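*Asks:* My structure is stored as run21.tsv, with TSV, C-alpha atoms.
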```tsv
chain	number	residue	atom	x	y	z
A	1	MET	CA	0.00	0.00	0.00
A	2	LYS	CA	0.94	3.64	-0.43
A	3	ILE	CA	1.08	5.05	3.09
A	4	VAL	CA	1.75	8.59	4.29
A	5	VAL	CA	3.09	8.55	7.84
A	6	LEU	CA	2.08	11.97	9.13
A	7	ALA	CA	4.31	13.17	11.97
A	8	GLY	CA	5.88	16.31	13.43
A	9	GLY	CA	3.24	19.01	13.53
A	10	LEU	CA	3.29	22.02	15.80
A	11	SER	CA	2.60	20.76	19.31
A	12	THR	CA	4.86	20.49	22.32
A	13	GLU	CA	5.12	16.78	21.47
A	14	ARG	CA	6.50	17.49	17.99
A	15	GLN	CA	9.80	15.69	18.48
A	16	VAL	CA	8.11	12.64	19.98
A	17	ALA	CA	5.85	12.49	16.92
A	18	LEU	CA	8.79	12.66	14.52
A	19	THR	CA	10.52	9.82	16.36
A	20	SER	CA	7.33	7.71	16.32
A	21	GLY	CA	6.79	8.48	12.66
A	22	THR	CA	10.33	7.55	11.66
A	23	GLY	CA	10.01	4.18	13.39
A	24	VAL	CA	6.60	3.44	11.90
A	25	CYS	CA	7.63	4.48	8.39
A	26	ARG	CA	10.72	2.29	8.39
A	27	ALA	CA	8.80	-0.67	9.82
A	28	LEU	CA	6.10	-0.41	7.14
A	29	ARG	CA	8.71	-0.10	4.38
A	30	GLU	CA	10.47	-3.22	5.67
A	31	ARG	CA	7.15	-5.03	5.27
A	32	GLY	CA	6.88	-4.04	1.61
A	33	HIS	CA	4.71	-0.93	1.78
A	34	LYS	CA	5.50	2.29	-0.07
A	35	ALA	CA	5.54	4.42	3.07
A	36	ILE	CA	6.84	7.99	3.29
A	37	LEU	CA	7.33	10.27	6.29
A	38	VAL	CA	5.70	13.70	6.01
A	39	ASP	CA	5.97	16.50	8.58
A	40	MET	CA	2.45	17.90	8.95
A	41	PHE	CA	3.67	21.45	9.62
A	42	LEU	CA	6.78	21.74	7.42
A	43	GLY	CA	5.29	19.70	4.61
A	44	LEU	CA	7.30	19.01	1.47
A	45	GLU	CA	9.14	22.32	1.12
A	46	ASP	CA	12.46	20.48	0.75
A	47	TYR	CA	11.24	17.75	-1.61
A	48	GLU	CA	12.58	18.46	-5.09
A	49	GLY	CA	11.18	15.55	-7.08
A	50	ALA	CA	7.86	15.15	-8.87
A	51	LEU	CA	4.93	14.54	-6.51
A	52	GLU	CA	3.77	11.54	-8.52
A	53	ASP	CA	7.11	9.85	-7.74
A	54	ILE	CA	7.17	10.63	-4.04
A	55	PHE	CA	6.25	7.13	-2.85
A	56	ASP	CA	9.47	5.92	-4.50
A	57	ALA	CA	11.59	8.42	-2.57
A	58	PRO	CA	14.79	6.87	-1.11
A	59	ASP	CA	14.32	5.73	2.52
A	60	GLY	CA	10.77	7.11	2.47
A	61	LEU	CA	12.04	10.62	3.33
A	62	CYS	CA	13.01	9.33	6.78
A	63	GLY	CA	15.76	11.25	8.52
A	64	GLN	CA	17.32	10.77	11.91
A	65	SER	CA	15.10	11.75	14.80
A	66	ARG	CA	15.46	11.53	18.56
A	67	VAL	CA	13.72	13.20	21.48
A	68	GLU	CA	15.77	15.91	23.18
A	69	ARG	CA	15.78	16.49	26.94
A	70	VAL	CA	13.61	19.61	26.67
A	71	GLU	CA	10.44	20.30	24.74
A	72	PRO	CA	10.88	21.85	21.26
A	73	ASP	CA	11.04	25.59	20.56
A	74	LEU	CA	7.86	25.92	18.52
A	75	GLU	CA	8.51	29.54	17.56
A	76	ALA	CA	11.80	28.47	16.03
A	77	VAL	CA	9.95	25.75	14.11
A	78	ARG	CA	7.44	28.35	12.86
A	79	ARG	CA	10.24	30.64	11.67
A	80	SER	CA	11.98	27.78	9.88
A	81	ARG	CA	9.11	27.27	7.43
A	82	ARG	CA	9.32	29.34	4.26
A	83	ASP	CA	5.52	29.59	4.13
A	84	GLN	CA	4.77	31.95	7.02
A	85	SER	CA	0.97	31.63	6.71
A	86	PRO	CA	-1.02	30.64	9.81
A	87	SER	CA	-1.85	27.22	8.34
A	88	LEU	CA	-0.84	24.20	10.42
A	89	LEU	CA	-0.61	22.16	7.21
A	90	GLY	CA	2.62	22.48	5.26
A	91	LYS	CA	3.25	22.47	1.52
A	92	ASP	CA	1.46	19.68	-0.37
A	93	VAL	CA	0.50	17.79	2.79
A	94	LEU	CA	-3.14	17.30	1.86
A	95	THR	CA	-2.28	16.64	-1.78
A	96	VAL	CA	0.05	13.76	-0.91
A	97	CYS	CA	-2.41	12.42	1.69
A	98	ARG	CA	-5.05	12.15	-1.03
A	99	MET	CA	-2.61	10.13	-3.13
A	100	ALA	CA	-2.19	7.54	-0.35
A	101	ASP	CA	-4.22	4.42	0.40
A	102	VAL	CA	-4.12	5.34	4.09
A	103	VAL	CA	-2.54	7.97	6.34
A	104	PHE	CA	-0.81	6.63	9.44
A	105	LEU	CA	-1.19	9.30	12.13
A	106	ALA	CA	2.04	9.34	14.12
A	107	LEU	CA	1.13	12.74	15.57
A	108	HIS	CA	0.97	13.49	19.28
A	109	GLY	CA	-0.51	16.40	21.18
A	110	SER	CA	-2.94	19.13	20.26
A	111	CYS	CA	-2.48	19.23	16.48
A	112	GLY	CA	-2.82	15.48	16.02
A	113	GLU	CA	-4.95	14.04	18.80
A	114	ASP	CA	-7.65	16.71	19.13
A	115	GLY	CA	-9.75	15.62	16.16
A	116	ARG	CA	-8.94	18.41	13.72
A	117	ILE	CA	-6.71	16.42	11.34
A	118	GLN	CA	-9.12	13.47	11.59
A	119	ALA	CA	-12.05	15.70	10.58
A	120	THR	CA	-10.02	17.18	7.72
A	121	LEU	CA	-9.16	13.75	6.35
A	122	ASP	CA	-12.78	12.62	6.79
A	123	LEU	CA	-13.94	15.54	4.64
A	124	LEU	CA	-11.39	14.56	1.99
A	125	GLY	CA	-12.46	10.91	2.12
A	126	VAL	CA	-8.94	9.82	3.07
A	127	PRO	CA	-8.65	6.81	5.44
A	128	TYR	CA	-6.41	7.28	8.50
A	129	THR	CA	-5.32	5.31	11.54
A	130	GLY	CA	-6.77	5.45	15.02
A	131	SER	CA	-9.96	6.98	16.36
A	132	GLY	CA	-12.37	9.34	14.63
A	133	TYR	CA	-12.58	13.09	15.10
A	134	LEU	CA	-15.23	13.23	17.85
A	135	GLY	CA	-13.74	10.66	20.21
A	136	SER	CA	-10.26	12.10	19.62
A	137	GLY	CA	-11.42	15.60	20.49
A	138	MET	CA	-13.14	14.48	23.69
A	139	ALA	CA	-10.21	12.33	24.84
A	140	MET	CA	-7.73	15.16	24.24
A	141	ASP	CA	-9.58	17.41	26.69
A	142	LYS	CA	-8.79	16.18	30.20
A	143	SER	CA	-11.84	17.91	31.69
A	144	VAL	CA	-14.19	16.19	29.20
A	145	THR	CA	-12.46	12.85	29.82
A	146	LYS	CA	-12.81	13.27	33.60
A	147	ARG	CA	-16.54	13.94	33.18
A	148	MET	CA	-16.82	10.81	31.07
A	149	MET	CA	-15.00	8.78	33.74
A	150	ASP	CA	-17.41	10.07	36.36
A	151	SER	CA	-20.45	9.24	34.22
A	152	LEU	CA	-19.15	5.74	33.42
A	153	GLY	CA	-18.32	4.95	37.03
A	154	ILE	CA	-14.58	4.72	36.35
A	155	ARG	CA	-12.62	5.52	39.51
A	156	THR	CA	-10.61	8.74	39.14
A	157	ALA	CA	-9.15	11.20	41.63
A	158	PRO	CA	-11.43	13.98	42.94
A	159	TRP	CA	-10.90	16.95	40.65
A	160	HIS	CA	-11.64	20.59	39.85
A	161	ASP	CA	-12.14	22.11	36.39
A	162	ILE	CA	-10.61	25.58	36.47
A	163	HIS	CA	-10.46	28.53	34.07
A	164	TYR	CA	-8.36	31.29	35.59
A	165	THR	CA	-6.34	34.46	35.12
A	166	GLU	CA	-3.28	35.80	36.95
A	167	SER	CA	-5.50	37.67	39.40
A	168	ASP	CA	-7.26	34.44	40.45
A	169	ILE	CA	-4.07	32.66	41.52
A	170	PRO	CA	-3.81	33.83	45.18
A	171	ARG	CA	-7.42	32.81	45.84
A	172	LEU	CA	-7.04	29.45	44.07
A	173	ALA	CA	-3.83	28.68	45.95
A	174	GLU	CA	-5.73	29.16	49.21
A	175	GLU	CA	-8.86	27.24	48.19
A	176	LEU	CA	-7.42	24.20	46.39
A	177	PRO	CA	-6.19	21.21	48.41
A	178	VAL	CA	-2.57	20.08	48.34
A	179	PRO	CA	-0.83	17.84	47.52
A	180	CYS	CA	-2.36	17.81	44.06
A	181	ALA	CA	-1.68	17.47	40.35
A	182	VAL	CA	-2.23	20.47	38.06
A	183	LYS	CA	-2.56	19.67	34.36
A	184	ILE	CA	-3.31	21.75	31.29
A	185	VAL	CA	-6.38	20.23	29.67
A	186	ASN	CA	-4.80	19.50	26.28
A	187	GLY	CA	-1.25	18.52	27.18
A	188	GLY	CA	0.66	15.29	26.77
A	189	SER	CA	4.03	13.64	27.43
A	190	SER	CA	3.89	15.18	30.93
A	191	ILE	CA	4.30	18.67	29.43
A	192	GLY	CA	2.12	21.19	31.25
A	193	VAL	CA	1.95	19.13	34.44
A	194	ALA	CA	2.93	20.18	37.97
A	195	LEU	CA	2.76	18.22	41.21
A	196	PRO	CA	2.76	20.75	44.06
A	197	ASP	CA	2.91	19.58	47.69
A	198	THR	CA	2.54	23.01	49.32
A	199	LYS	CA	0.40	26.11	48.81
A	200	GLU	CA	3.51	28.02	47.69
A	201	GLN	CA	4.32	25.37	45.09
A	202	LEU	CA	0.70	25.40	43.92
A	203	GLU	CA	0.77	29.16	43.42
A	204	LYS	CA	3.99	28.89	41.40
A	205	ALA	CA	2.56	26.01	39.33
A	206	LEU	CA	-0.55	28.01	38.42
A	207	ARG	CA	1.62	30.93	37.32
A	208	ASP	CA	3.98	28.74	35.31
A	209	LEU	CA	1.19	26.87	33.51
A	210	LEU	CA	-0.50	30.06	32.31
A	211	ARG	CA	1.97	30.08	29.41
A	212	TYR	CA	0.08	27.08	27.99
A	213	GLY	CA	-3.38	28.59	28.44
A	214	ASN	CA	-5.92	29.43	31.13
A	215	HIS	CA	-7.68	26.07	31.52
A	216	VAL	CA	-6.40	23.39	33.90
A	217	VAL	CA	-7.60	20.35	35.78
A	218	VAL	CA	-6.53	20.13	39.41
A	219	GLU	CA	-6.87	16.71	40.97
A	220	GLN	CA	-5.99	15.05	44.24
A	221	LYS	CA	-2.59	13.38	44.11
A	222	ILE	CA	-2.97	9.62	44.50
A	223	LYS	CA	0.04	7.67	45.73
A	224	GLY	CA	0.83	4.28	44.28
A	225	ARG	CA	2.36	2.39	41.37
A	226	GLU	CA	2.20	3.82	37.85
A	227	ILE	CA	0.48	1.33	35.54
A	228	GLN	CA	-0.24	1.87	31.84
A	229	ILE	CA	-2.25	-0.40	29.58
A	230	ALA	CA	-3.20	-0.38	25.91
A	231	VAL	CA	-6.41	-1.33	24.16
A	232	LEU	CA	-5.95	-2.89	20.72
A	233	GLY	CA	-9.03	-3.78	18.70
A	234	ASP	CA	-11.66	-5.17	21.06
A	235	GLY	CA	-9.35	-6.20	23.89
A	236	TYR	CA	-6.58	-5.02	26.15
A	237	LEU	CA	-2.92	-5.98	26.22
A	238	PRO	CA	-0.58	-6.83	29.10
A	239	ALA	CA	0.12	-3.84	31.33
A	240	VAL	CA	3.38	-1.95	31.94
A	241	GLU	CA	4.62	-0.66	35.29
A	242	ILE	CA	6.64	2.57	35.19
A	243	ILE	CA	9.23	3.19	37.89
A	244	PRO	CA	10.69	6.68	37.25
A	245	LYS	CA	14.26	7.37	38.32
A	246	GLY	CA	13.24	10.89	39.39
A	247	ALA	CA	10.32	12.14	41.44
A	248	TYR	CA	7.80	11.24	38.74
A	249	PHE	CA	7.44	10.17	35.10
A	250	ASP	CA	8.13	13.53	33.41
A	251	TYR	CA	9.06	14.43	29.82
A	252	GLU	CA	12.74	13.63	30.31
A	253	SER	CA	12.03	10.35	32.13
A	254	LYS	CA	9.78	9.23	29.29
A	255	TYR	CA	12.15	9.84	26.41
A	256	GLN	CA	15.73	9.72	27.69
A	257	ALA	CA	17.63	6.46	28.13
A	258	GLY	CA	17.65	5.41	31.76
A	259	GLY	CA	14.97	7.91	32.75
A	260	ALA	CA	12.69	5.17	34.06
A	261	VAL	CA	12.42	1.43	34.48
A	262	GLU	CA	9.60	-0.07	32.41
A	263	LEU	CA	8.43	-3.51	33.49
A	264	CYS	CA	6.37	-5.39	30.89
A	265	PRO	CA	4.36	-7.31	31.75
A	266	ALA	CA	3.77	-5.39	34.96
A	267	PRO	CA	4.42	-7.49	38.09
A	268	ILE	CA	0.82	-7.22	39.29
A	269	THR	CA	-1.84	-9.82	40.04
A	270	ASP	CA	-4.19	-11.09	37.35
A	271	ALA	CA	-7.00	-9.39	39.25
A	272	ALA	CA	-5.20	-6.03	39.13
A	273	TRP	CA	-4.42	-6.49	35.41
A	274	LYS	CA	-8.06	-7.26	34.66
A	275	GLN	CA	-9.17	-4.30	36.78
A	276	VAL	CA	-7.10	-1.76	34.83
A	277	GLY	CA	-7.79	-3.51	31.53
A	278	GLU	CA	-11.56	-3.48	31.96
A	279	MET	CA	-11.49	0.17	33.08
A	280	ALA	CA	-9.36	1.12	30.06
A	281	LEU	CA	-11.67	-0.75	27.69
A	282	LYS	CA	-14.76	0.84	29.26
A	283	LEU	CA	-13.33	4.34	28.85
A	284	HIS	CA	-12.15	3.58	25.30
A	285	LYS	CA	-15.64	2.46	24.30
A	286	GLY	CA	-17.39	5.18	26.30
A	287	LEU	CA	-15.50	7.89	24.40
A	288	GLY	CA	-16.31	6.19	21.11
A	289	LEU	CA	-12.66	5.42	20.34
A	290	SER	CA	-11.50	2.79	17.88
A	291	VAL	CA	-8.45	0.73	16.91
A	292	TYR	CA	-6.10	1.51	19.82
A	293	SER	CA	-5.45	3.72	22.82
A	294	ARG	CA	-3.41	3.70	26.03
A	295	SER	CA	-4.72	4.53	29.49
A	296	ASP	CA	-2.68	5.57	32.52
A	297	PHE	CA	-3.46	4.48	36.09
A	298	ILE	CA	-2.24	4.64	39.66
A	299	LEU	CA	-2.58	1.37	41.57
A	300	ASP	CA	-2.81	2.28	45.26
A	301	GLU	CA	-1.66	0.25	48.28
A	302	ASN	CA	-5.13	-1.26	48.64
A	303	GLY	CA	-5.07	-2.60	45.08
A	304	GLN	CA	-7.54	-0.03	43.78
A	305	ALA	CA	-6.84	1.44	40.35
A	306	TRP	CA	-7.38	5.16	39.70
A	307	CYS	CA	-7.60	6.26	36.09
A	308	LEU	CA	-5.53	9.32	35.19
A	309	GLU	CA	-6.10	9.81	31.46
A	310	ILE	CA	-6.33	8.18	28.05
A	311	ASN	CA	-4.17	8.69	24.94
A	312	THR	CA	-5.69	8.14	21.50
A	313	LEU	CA	-2.36	8.26	19.63
A	314	PRO	CA	0.15	6.86	22.12
A	315	GLY	CA	3.88	6.82	21.43
A	316	MET	CA	4.87	4.44	18.65
A	317	THR	CA	8.66	4.39	18.68
A	318	PRO	CA	10.00	0.81	18.58
A	319	THR	CA	10.62	0.98	22.35
A	320	SER	CA	7.38	2.76	23.32
A	321	LEU	CA	4.96	1.19	25.77
A	322	VAL	CA	2.33	-0.04	23.29
A	323	PRO	CA	4.89	-1.94	21.16
A	324	GLN	CA	6.30	-3.47	24.37
A	325	GLU	CA	2.82	-4.65	25.36
A	326	ALA	CA	2.08	-6.01	21.88
A	327	ALA	CA	5.32	-7.98	21.92
A	328	GLN	CA	4.04	-9.85	24.97
A	329	VAL	CA	1.20	-11.30	22.88
A	330	GLY	CA	3.45	-12.19	19.94
A	331	LEU	CA	3.12	-9.05	17.79
A	332	ASN	CA	6.46	-7.57	16.77
A	333	TYR	CA	6.79	-3.87	15.95
A	334	GLY	CA	6.20	-4.17	12.21
A	335	GLU	CA	3.24	-6.52	12.73
A	336	LEU	CA	1.74	-4.06	15.22
A	337	CYS	CA	2.03	-1.19	12.72
A	338	GLU	CA	0.31	-3.31	10.07
A	339	LYS	CA	-2.37	-4.42	12.55
A	340	ILE	CA	-3.16	-0.77	13.32
A	341	VAL	CA	-3.50	-0.07	9.58
A	342	GLU	CA	-5.75	-3.11	9.07
A	343	LEU	CA	-8.03	-2.27	12.02
A	344	SER	CA	-8.18	1.39	10.98
A	345	LEU	CA	-9.24	0.65	7.41
A	346	ALA	CA	-12.03	-1.52	8.79
A	347	ALA	CA	-13.07	1.25	11.23
A	348	ARG	CA	-13.18	3.89	8.49
A	349	LYS	CA	-15.21	1.58	6.24
A	350	ALA	CA	-17.66	0.93	9.06
A	351	ALA	CA	-17.98	4.68	9.75
A	352	ARG	CA	-18.90	5.34	6.11
A	353	ALA	CA	-21.49	2.55	6.00
```
Could you spell out this file's structure in structure tokens?
*Replies:*
Amino acid sequence: MKIVVLAGGLSTERQVALTSGTGVCRALRERGHKAILVDMFLGLEDYEGALEDIFDAPDGLCGQSRVERVEPDLEAVRRSRRDQSPSLLGKDVLTVCRMADVVFLALHGSCGEDGRIQATLDLLGVPYTGSGYLGSGMAMDKSVTKRMMDSLGIRTAPWHDIHYTESDIPRLAEELPVPCAVKIVNGGSSIGVALPDTKEQLEKALRDLLRYGNHVVVEQKIKGREIQIAVLGDGYLPAVEIIPKGAYFDYESKYQAGGAVELCPAPITDAAWKQVGEMALKLHKGLGLSVYSRSDFILDENGQAWCLEINTLPGMTPTSLVPQEAAQVGLNYGELCEKIVELSLAARKAARA
């Protein structure tokens, strides 16, 4: 098949997406597909060949990509594009997507997981991987997801949905309980997250997070083991336990070698695995998601699982959590990428019926 692997984009998770996309593109090419890597934001400004020949491009336009210790400078990325229009879609991106049999979405964060690119491709009649636009948009918003958890009876930490300005911070720091977790509603990869233990730390966190926007979720901090589990198709995979080397599983811990210990399968009881798996599957279905997702949990000392959030386009580097989980059921990385394509084509066909 001709496959565009759409990566990059203009979110704080840009570099993660490029690394996922590079891995996916190479894996699909090794399995005989004509896959090419396309940066959603930069597009094909540097491609000098004829568009009709692009699926024969050497190495599928894959470069070298790795995740740096700090989040990307998005203003520098904006300035680097010759087209300085406000469009989030680079040169010839939609044209080449329409030439493909399917678009593999290796995007992460607000410009890939919030439903906008899914809706765009739907309007063009172009099949793509993962969930549809509505479920993606709901799952990207942590406040909407928390409401869905509450309505579905999925255990989650007590929380507050807060829109605020600088002038509200002193009052909020007094009113909100600590210790807590403060999260921007549309963040990912632990960007835009703070874990204050004191009122002073809470006040600083609220000030710092204003640079991402004025909407946050503040939830009670639950202590326990970090467990993550993927849904693939109609079932769930073995879980992973994350043991961060630092205080918690932050951006650097997730993407730098040695930042955390990842145990797969997680050393938990079958009952605990089924508990998180059934909760993840219930949330996946409740949000109307399809194909695959990954949910994050805290397993407390009493064996109760607390759902933190769900990711509709989880990391897909060869060493990411979902590929690790799939390997436990006999799916290697390339097979997993093909399985996602296969399930997605079926989901798009069903949506059109």
*Asks:* For a test of reading the model, state the distance in Å between atom CA of Thr145 of chain A and atom CA of Ala327 of chain A, rounded to one decimal.
*Replies:*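 Those two atoms sit 28.5 Å apart.
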*Asks:* For Glu301 of chain A, which of A:Asp270, A:Asp141, A:Glu226, A:Asp53 is the closest residue, counting all atoms listed in the file?
*Replies:*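 Closest candidate: A:Glu226.
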*Asks:* Within 9 Å of segment 114-126 of chain A, counting only C-alpha atoms, which residues qualify if same-chain residues fewer than 6 places away don't, as number ranges by chain?
*Replies:* A: 94, 97-103, 105, 132-141, 186, 348
*Asks:* Kindly give the distance, in Å, that separates atom CA of Tyr128 of chain A and atom CA of Phe104 of chain A, rounded to a single decimal.
*Replies:* 5.7 Å
*Asks:* Between A:Ser167, A:Gln275, A:Gln84, A:Ser143, which is the closest to Leu299 of chain A once you count all atoms listed in the file?
*Replies:*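 The answer is A:Gln275, which sits nearest to Leu299 of chain A.
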*Asks:* How many Å separate atom CA of Val217 of chain A from atom CA of His160 of chain A?
*Replies:*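 Pair atom CA of Val217 of chain A / atom CA of His160 of chain A returns 5.7 Å.
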*Asks:* Can you list, as a ChimeraX atom specification, every protein, DNA or RNA residue that comes within 12 Å of Leu206 of chain A when you count only C-alpha atoms, leaving out same-chain residues fewer than 4 positions away?
*Replies:* /A:162-173,176,180-184,192-196,199-202,210-218
*Asks:* Restricting the calculation to only C-alpha atoms: of A:Gly286, A:Gly259, A:Gly63, A:Pro177, which residue gets closest to Lys221 of chain A?
*Replies:*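 When distances to Lys221 of chain A are compared using only C-alpha atoms, the smallest one comes from A:Pro177.
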*Asks:* Show which residues sit within 10 Å of Gln304 of chain A, as an MDAnalysis selection string. Count only C-alpha atoms, and ignore same-chain residues fewer than 2 positions away.
*Replies:* chainID A and resid 155 224 272 275:276 297:302 306:307
*Asks:* Give me, as a count of residues only, all polymer residues having an atom no more than 8 Å from Ser131 of chain A, counting all atoms listed in the file and skipping those fewer than 6 positions away in the same chain.
*Replies:* 7
*Asks:* Rank nothing, just name the residue among A:Ser85, A:Ala7, A:Arg26, A:Val38 nearest to Asp59 of chain A, using only C-alpha atoms.
*Replies:*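 Closest to Asp59 of chain A of all the choices is A:Arg26.
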*Asks:* Dump as a PyMOL selection string all residues having an atom at most 6 Å from (3.5, 20.6, 13.7), computed in the file's coordinates with only C-alpha atoms.
*Replies:* chain A and resi 8-11+40-41
*Asks:* Keeping only C-alpha atoms, write those residues as an mmCIF file, in the frame of the given file.
*Replies:*
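result-v9.cif written:
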```cif
data_model
loop_
_atom_site.group_PDB
_atom_site.id
_atom_site.type_symbol
_atom_site.label_atom_id
_atom_site.label_comp_id
_atom_site.auth_asym_id
_atom_site.auth_seq_id
_atom_site.Cartn_x
_atom_site.Cartn_y
_atom_site.Cartn_z
ATOM 1 C CA GLY A 8 5.880 16.310 13.430
ATOM 2 C CA GLY A 9 3.240 19.010 13.530
ATOM 3 C CA LEU A 10 3.290 22.020 15.800
ATOM 4 C CA SER A 11 2.600 20.760 19.310
ATOM 5 C CA MET A 40 2.450 17.900 8.950
ATOM 6 C CA PHE A 41 3.670 21.450 9.620
#
```
*Asks:* Please complete segment 273-285 of chain A so it has N, CA, C and O atoms, and hand it over as a short mmCIF file (atom, residue, chain, number, x, y, z; two decimals), in the coordinates of the input.
*Replies:*
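What follows is the written file out.cif:
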```cif
data_model
loop_
_atom_site.label_atom_id
_atom_site.label_comp_id
_atom_site.auth_asym_id
_atom_site.auth_seq_id
_atom_site.Cartn_x
_atom_site.Cartn_y
_atom_site.Cartn_z
N TRP A 273 -4.51 -6.67 36.87
CA TRP A 273 -4.42 -6.49 35.41
C TRP A 273 -5.82 -6.41 34.79
O TRP A 273 -6.10 -5.52 33.97
N LYS A 274 -6.70 -7.30 35.20
CA LYS A 274 -8.06 -7.26 34.66
C LYS A 274 -8.79 -6.00 35.08
O LYS A 274 -9.58 -5.43 34.31
N GLN A 275 -8.52 -5.52 36.30
CA GLN A 275 -9.17 -4.30 36.78
C GLN A 275 -8.80 -3.12 35.89
O GLN A 275 -9.68 -2.41 35.39
N VAL A 276 -7.50 -2.90 35.65
CA VAL A 276 -7.10 -1.76 34.83
C VAL A 276 -7.49 -1.99 33.37
O VAL A 276 -7.91 -1.04 32.67
N GLY A 277 -7.42 -3.23 32.90
CA GLY A 277 -7.79 -3.51 31.53
C GLY A 277 -9.26 -3.25 31.25
O GLY A 277 -9.61 -2.62 30.24
N GLU A 278 -10.13 -3.70 32.15
CA GLU A 278 -11.56 -3.48 31.96
C GLU A 278 -11.92 -1.99 32.06
O GLU A 278 -12.78 -1.50 31.32
N MET A 279 -11.25 -1.27 32.97
CA MET A 279 -11.49 0.17 33.08
C MET A 279 -11.03 0.90 31.81
O MET A 279 -11.73 1.78 31.30
N ALA A 280 -9.87 0.50 31.30
CA ALA A 280 -9.36 1.12 30.06
C ALA A 280 -10.30 0.85 28.89
O ALA A 280 -10.60 1.74 28.09
N LEU A 281 -10.77 -0.39 28.78
CA LEU A 281 -11.67 -0.75 27.69
C LEU A 281 -13.00 -0.02 27.81
O LEU A 281 -13.57 0.44 26.80
N LYS A 282 -13.49 0.13 29.03
CA LYS A 282 -14.76 0.84 29.26
C LYS A 282 -14.65 2.31 28.86
O LYS A 282 -15.56 2.87 28.24
N LEU A 283 -13.53 2.93 29.22
CA LEU A 283 -13.33 4.34 28.85
C LEU A 283 -13.14 4.49 27.35
O LEU A 283 -13.70 5.40 26.73
N HIS A 284 -12.37 3.59 26.75
CA HIS A 284 -12.15 3.58 25.30
C HIS A 284 -13.48 3.53 24.55
O HIS A 284 -13.74 4.33 23.65
N LYS A 285 -14.34 2.60 24.97
CA LYS A 285 -15.64 2.46 24.30
C LYS A 285 -16.56 3.62 24.63
O LYS A 285 -17.32 4.10 23.77
#
```
